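*Asks:* Have a look at this one.
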Amino acid sequence: MSWVLYTIAATILQSFRNLEQKHLNKKLDAFTVSWSRFILPLPFALVVVYFTFFAVSKSFVIYCLITACFQVAGNVFLLKTFQSKNFSIGITFFKTEVLQTMIIGFLFFHQNISYMGVISIMIVTAGVITMSGLVFNSGITGFVQSLRNKAALYGLLSGLSFSISAFNLKFASSELIPLGYQGLKAGMVVLMWVISFQNILFLVTKSYQKRLIKDLNSLFSLENKVAFFKTTILSFSGSVCWFAAFSLGEVVYVKVVGQMELIIAIAISHFILKEKHKTNEAVGIFLTALGILMLILYH
């Protein structure tokens, strides 16, 4: 059950990273903020890629590339969700990521989920949707109509992208077993390869936009430097835990326990940022916590 501990650690680190990112989000565009997480670890990533380049299989490289591409795609769709007028609808559909992961795993990757696992997933999904505060006043008709909304489409595509990314991360880790890499070590190697690919993607995009030097200067400017370094450290530490968790545990179960991030985020906003919250969020927290606890106790 070490994957549970890695997942919990990842959610805590990621929650505090999001808190630090609020400073950068006020000064820089969201795409640059996303890229900032991968810049400093790049030299270490290139070293790992260099020493493992001739040992890893072609399948491993392909899985890492797919992981990198779909993680970037997931971030792009999520940013479009944030920027949409119907933000709450988009976020609600994004939060169906766990349910999407279960369906994708069953249909395409032949992954069987236990009876208690399915119940846990349904409870957690209900919890995160309740936390979003979205109410379909028109019942099924309102739900169907909401599917036509661009925000809903972006939310679904974001969740789908992150799900596909997680499965390919798992497959990449499995390719390392014959080389003697498992668990944390496998997660670290995969992460380094993915970081390398993601930096290439971001560098190409920024060069095409003719903003590469400008955005790098903004990141390393004195007013952003502290938040930039804190964000990078927290993000990298969180990614190590996420990749280790996916290497050790089943993808969908890691996704379920990972929903603790929402509970932690609300706790941070309440106790640190002094923000007020509604009754639906308390109900959503209870359902999410119940589903996660059921999964941990029965697996």
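Ligands are numbered from 1 in the order shown, chains are lettered A, B, ... in the order of the structure tokens, and residues start at 1 in each chain.
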List the spatial neighbours of stretch 246-255 of chain A as a PyMOL selection string - criterion: any atom at most 7 Å away, only C-alpha atoms, same-chain residues fewer than 4 positions off excluded.
*Replies:* chain A and resi 3+7+98+101-102+166-167+170+173+183+186-187+242+259
*Asks:* Taking the backbone alone, and naming residues the way the document does, which bits of stretch 96-280 of chain A are alpha helix (DSSP H) by DSSP, as a PyMOL selection string?
*Replies:* chain A and resi 97-108+115-132+139-146+150-175+183-209+212-219+222-248+251-258+260-271+279-280
*Asks:* Just the residues within 8 Å of stretch 198-214 of chain A, please, counting only C-alpha atoms, with nothing from its chain fewer than 2 positions along; format it as a list in words.
*Replies:*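 Counting only C-alpha atoms, the residues come to Trp35, Phe38, Ile39, Leu42, Ala68, Cys69, Val72, Val194, Ile195, Ser196, Leu216, Asn217 and Ser218 of chain A.
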*Asks:* Which residue is closest to A:Gln71? Choose from A:Val283, A:Met188, A:Leu176, A:Leu160 and count only C-alpha atoms.
*Replies:*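 Using only C-alpha atoms, the shortest distance to A:Gln71 belongs to A:Leu160.
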*Asks:* Between atom CA of A:Asn112 and atom CA of A:Val4, measure the distance and give it in Å to one decimal.
*Replies:*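 A separation of 19.1 Å between them.
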*Asks:* What are the closest atom pairs, with distances in Å to one decimal, for each residue of stretch 181-296 of chain A lying within 7 Å of stretch 116-134 of chain A, using only C-alpha atoms, rows by chain and rising residue number, as a tab-separated table?
*Replies:*
residue	atom	partner	partner_atom	distance
A:Val256	CA	A:Ile121	CA	6.5
A:Asn280	CA	A:Met131	CA	5.8
A:Glu281	CA	A:Met131	CA	4.3
A:Gly284	CA	A:Gly127	CA	4.1
A:Ile285	CA	A:Gly127	CA	6.4
A:Leu287	CA	A:Gly127	CA	4.7
A:Thr288	CA	A:Val124	CA	4.4
A:Gly291	CA	A:Ser120	CA	4.4
A:Ile292	CA	A:Ser120	CA	6.6
A:Met294	CA	A:Ser120	CA	6.1
A:Leu295	CA	A:Ser120	CA	5.8
*Asks:* Distance atom CA of A:Thr81-atom CA of A:Tyr154, one decimal place?
*Replies:*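 Distance between the two atoms: 5.6 Å.
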*Asks:* Would you pick out the contacts of A:Leu157 at 8 Å or less, using only C-alpha atoms, so that residues sharing its chain but fewer than 6 positions from it are not included, and give the list as a ChimeraX atom specification?
*Replies:* /A:74,77,94
*Asks:* Near A:Phe229, counting only C-alpha atoms, which residues have an atom at most 10 Å away, once you skip same-chain residues fewer than 5 positions from it, shown as a list of chain:residue names?
*Replies:*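 Non-adjacent residues within range: A:Glu20, A:Ser36, A:Arg37, A:Leu40, A:Leu219, A:Phe220, A:Asn224, A:Leu234, A:Ser235.
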*Asks:* When you look at A:Asn18 with a cut-off of 12 Å (counting only C-alpha atoms), what residues show up, excluding the ones that are within fewer than 2 positions of it in the same chain? I need them as an MDAnalysis selection string.
*Replies:* chainID A and resid 11:16 20:25 33:34 37 227:228 230:235 238 261:262 264:266 268:269
*Asks:* Could you write out that same residue set with N, CA and C atoms as a PDB file, in the first residue's frame?
*Replies:*
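result-v5.pdb was written with the following content:
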ATOM      1  N   THR A  11      -0.589  14.767  -3.231  1.00  0.00           N
ATOM      2  CA  THR A  11      -1.714  15.705  -3.142  1.00  0.00           C
ATOM      3  C   THR A  11      -1.390  16.881  -2.224  1.00  0.00           C
ATOM      4  N   ILE A  12      -0.690  16.619  -1.131  1.00  0.00           N
ATOM      5  CA  ILE A  12      -0.311  17.699  -0.209  1.00  0.00           C
ATOM      6  C   ILE A  12       0.654  18.672  -0.889  1.00  0.00           C
ATOM      7  N   LEU A  13       1.693  18.116  -1.531  1.00  0.00           N
ATOM      8  CA  LEU A  13       2.684  18.957  -2.211  1.00  0.00           C
ATOM      9  C   LEU A  13       2.047  19.754  -3.342  1.00  0.00           C
ATOM     10  N   GLN A  14       1.157  19.110  -4.099  1.00  0.00           N
ATOM     11  CA  GLN A  14       0.516  19.786  -5.223  1.00  0.00           C
ATOM     12  C   GLN A  14      -0.408  20.893  -4.754  1.00  0.00           C
ATOM     13  N   SER A  15      -1.066  20.689  -3.616  1.00  0.00           N
ATOM     14  CA  SER A  15      -1.968  21.707  -3.080  1.00  0.00           C
ATOM     15  C   SER A  15      -1.204  22.968  -2.686  1.00  0.00           C
ATOM     16  N   PHE A  16      -0.057  22.799  -2.040  1.00  0.00           N
ATOM     17  CA  PHE A  16       0.749  23.955  -1.654  1.00  0.00           C
ATOM     18  C   PHE A  16       1.438  24.578  -2.868  1.00  0.00           C
ATOM     19  N   GLU A  20       1.281  28.582  -4.153  1.00  0.00           N
ATOM     20  CA  GLU A  20       2.400  29.411  -4.592  1.00  0.00           C
ATOM     21  C   GLU A  20       2.178  29.939  -6.008  1.00  0.00           C
ATOM     22  N   GLN A  21       1.508  29.150  -6.831  1.00  0.00           N
ATOM     23  CA  GLN A  21       1.299  29.545  -8.217  1.00  0.00           C
ATOM     24  C   GLN A  21       0.383  30.752  -8.349  1.00  0.00           C
ATOM     25  N   LYS A  22      -0.398  31.017  -7.317  1.00  0.00           N
ATOM     26  CA  LYS A  22      -1.308  32.165  -7.384  1.00  0.00           C
ATOM     27  C   LYS A  22      -0.540  33.460  -7.622  1.00  0.00           C
ATOM     28  N   HIS A  23       0.669  33.544  -7.054  1.00  0.00           N
ATOM     29  CA  HIS A  23       1.486  34.746  -7.260  1.00  0.00           C
ATOM     30  C   HIS A  23       1.922  34.854  -8.715  1.00  0.00           C
ATOM     31  N   LEU A  24       2.396  33.740  -9.279  1.00  0.00           N
ATOM     32  CA  LEU A  24       2.845  33.751 -10.674  1.00  0.00           C
ATOM     33  C   LEU A  24       1.683  33.979 -11.629  1.00  0.00           C
ATOM     34  N   ASN A  25       0.515  33.435 -11.303  1.00  0.00           N
ATOM     35  CA  ASN A  25      -0.646  33.580 -12.182  1.00  0.00           C
ATOM     36  C   ASN A  25      -1.087  35.036 -12.325  1.00  0.00           C
ATOM     37  N   VAL A  33       3.344  29.730 -16.708  1.00  0.00           N
ATOM     38  CA  VAL A  33       3.362  29.220 -15.336  1.00  0.00           C
ATOM     39  C   VAL A  33       3.459  27.696 -15.344  1.00  0.00           C
ATOM     40  N   SER A  34       2.721  27.050 -16.248  1.00  0.00           N
ATOM     41  CA  SER A  34       2.786  25.589 -16.363  1.00  0.00           C
ATOM     42  C   SER A  34       4.189  25.142 -16.756  1.00  0.00           C
ATOM     43  N   ARG A  37       7.348  24.847 -14.152  1.00  0.00           N
ATOM     44  CA  ARG A  37       7.556  23.678 -13.294  1.00  0.00           C
ATOM     45  C   ARG A  37       8.607  22.717 -13.843  1.00  0.00           C
ATOM     46  N   ALA A 227       8.644  32.961  -5.806  1.00  0.00           N
ATOM     47  CA  ALA A 227       7.485  32.128  -6.130  1.00  0.00           C
ATOM     48  C   ALA A 227       7.837  31.075  -7.171  1.00  0.00           C
ATOM     49  N   PHE A 228       8.702  31.444  -8.122  1.00  0.00           N
ATOM     50  CA  PHE A 228       9.130  30.521  -9.171  1.00  0.00           C
ATOM     51  C   PHE A 228       9.876  29.331  -8.578  1.00  0.00           C
ATOM     52  N   LYS A 230       9.882  28.247  -5.386  1.00  0.00           N
ATOM     53  CA  LYS A 230       9.009  27.482  -4.506  1.00  0.00           C
ATOM     54  C   LYS A 230       8.074  26.587  -5.320  1.00  0.00           C
ATOM     55  N   THR A 231       7.523  27.159  -6.382  1.00  0.00           N
ATOM     56  CA  THR A 231       6.616  26.397  -7.246  1.00  0.00           C
ATOM     57  C   THR A 231       7.334  25.210  -7.875  1.00  0.00           C
ATOM     58  N   THR A 232       8.549  25.448  -8.341  1.00  0.00           N
ATOM     59  CA  THR A 232       9.331  24.391  -8.991  1.00  0.00           C
ATOM     60  C   THR A 232       9.645  23.253  -8.023  1.00  0.00           C
ATOM     61  N   ILE A 233      10.105  23.601  -6.826  1.00  0.00           N
ATOM     62  CA  ILE A 233      10.475  22.586  -5.835  1.00  0.00           C
ATOM     63  C   ILE A 233       9.268  21.759  -5.419  1.00  0.00           C
ATOM     64  N   LEU A 234       8.157  22.435  -5.114  1.00  0.00           N
ATOM     65  CA  LEU A 234       6.945  21.730  -4.703  1.00  0.00           C
ATOM     66  C   LEU A 234       6.393  20.870  -5.836  1.00  0.00           C
ATOM     67  N   SER A 235       6.429  21.416  -7.050  1.00  0.00           N
ATOM     68  CA  SER A 235       5.895  20.692  -8.210  1.00  0.00           C
ATOM     69  C   SER A 235       6.729  19.462  -8.520  1.00  0.00           C
ATOM     70  N   GLY A 238       6.207  16.850  -5.868  1.00  0.00           N
ATOM     71  CA  GLY A 238       4.896  16.241  -6.068  1.00  0.00           C
ATOM     72  C   GLY A 238       4.876  15.288  -7.240  1.00  0.00           C
ATOM     73  N   GLU A 261      -6.787  15.935  -2.985  1.00  0.00           N
ATOM     74  CA  GLU A 261      -6.283  17.270  -3.298  1.00  0.00           C
ATOM     75  C   GLU A 261      -7.384  18.322  -3.182  1.00  0.00           C
ATOM     76  N   LEU A 262      -8.601  17.951  -3.583  1.00  0.00           N
ATOM     77  CA  LEU A 262      -9.723  18.889  -3.507  1.00  0.00           C
ATOM     78  C   LEU A 262     -10.050  19.226  -2.060  1.00  0.00           C
ATOM     79  N   ILE A 264      -7.948  19.048   0.489  1.00  0.00           N
ATOM     80  CA  ILE A 264      -6.833  19.840   1.014  1.00  0.00           C
ATOM     81  C   ILE A 264      -6.919  21.268   0.506  1.00  0.00           C
ATOM     82  N   ALA A 265      -7.299  21.436  -0.763  1.00  0.00           N
ATOM     83  CA  ALA A 265      -7.403  22.779  -1.349  1.00  0.00           C
ATOM     84  C   ALA A 265      -8.449  23.614  -0.623  1.00  0.00           C
ATOM     85  N   ILE A 266      -9.590  22.994  -0.305  1.00  0.00           N
ATOM     86  CA  ILE A 266     -10.634  23.715   0.416  1.00  0.00           C
ATOM     87  C   ILE A 266     -10.179  24.045   1.831  1.00  0.00           C
ATOM     88  N   ILE A 268      -7.079  24.581   2.785  1.00  0.00           N
ATOM     89  CA  ILE A 268      -6.116  25.676   2.671  1.00  0.00           C
ATOM     90  C   ILE A 268      -6.833  27.005   2.473  1.00  0.00           C
ATOM     91  N   SER A 269      -7.829  26.999   1.591  1.00  0.00           N
ATOM     92  CA  SER A 269      -8.554  28.241   1.324  1.00  0.00           C
ATOM     93  C   SER A 269      -9.325  28.722   2.547  1.00  0.00           C
TER      94      SER A 269
END
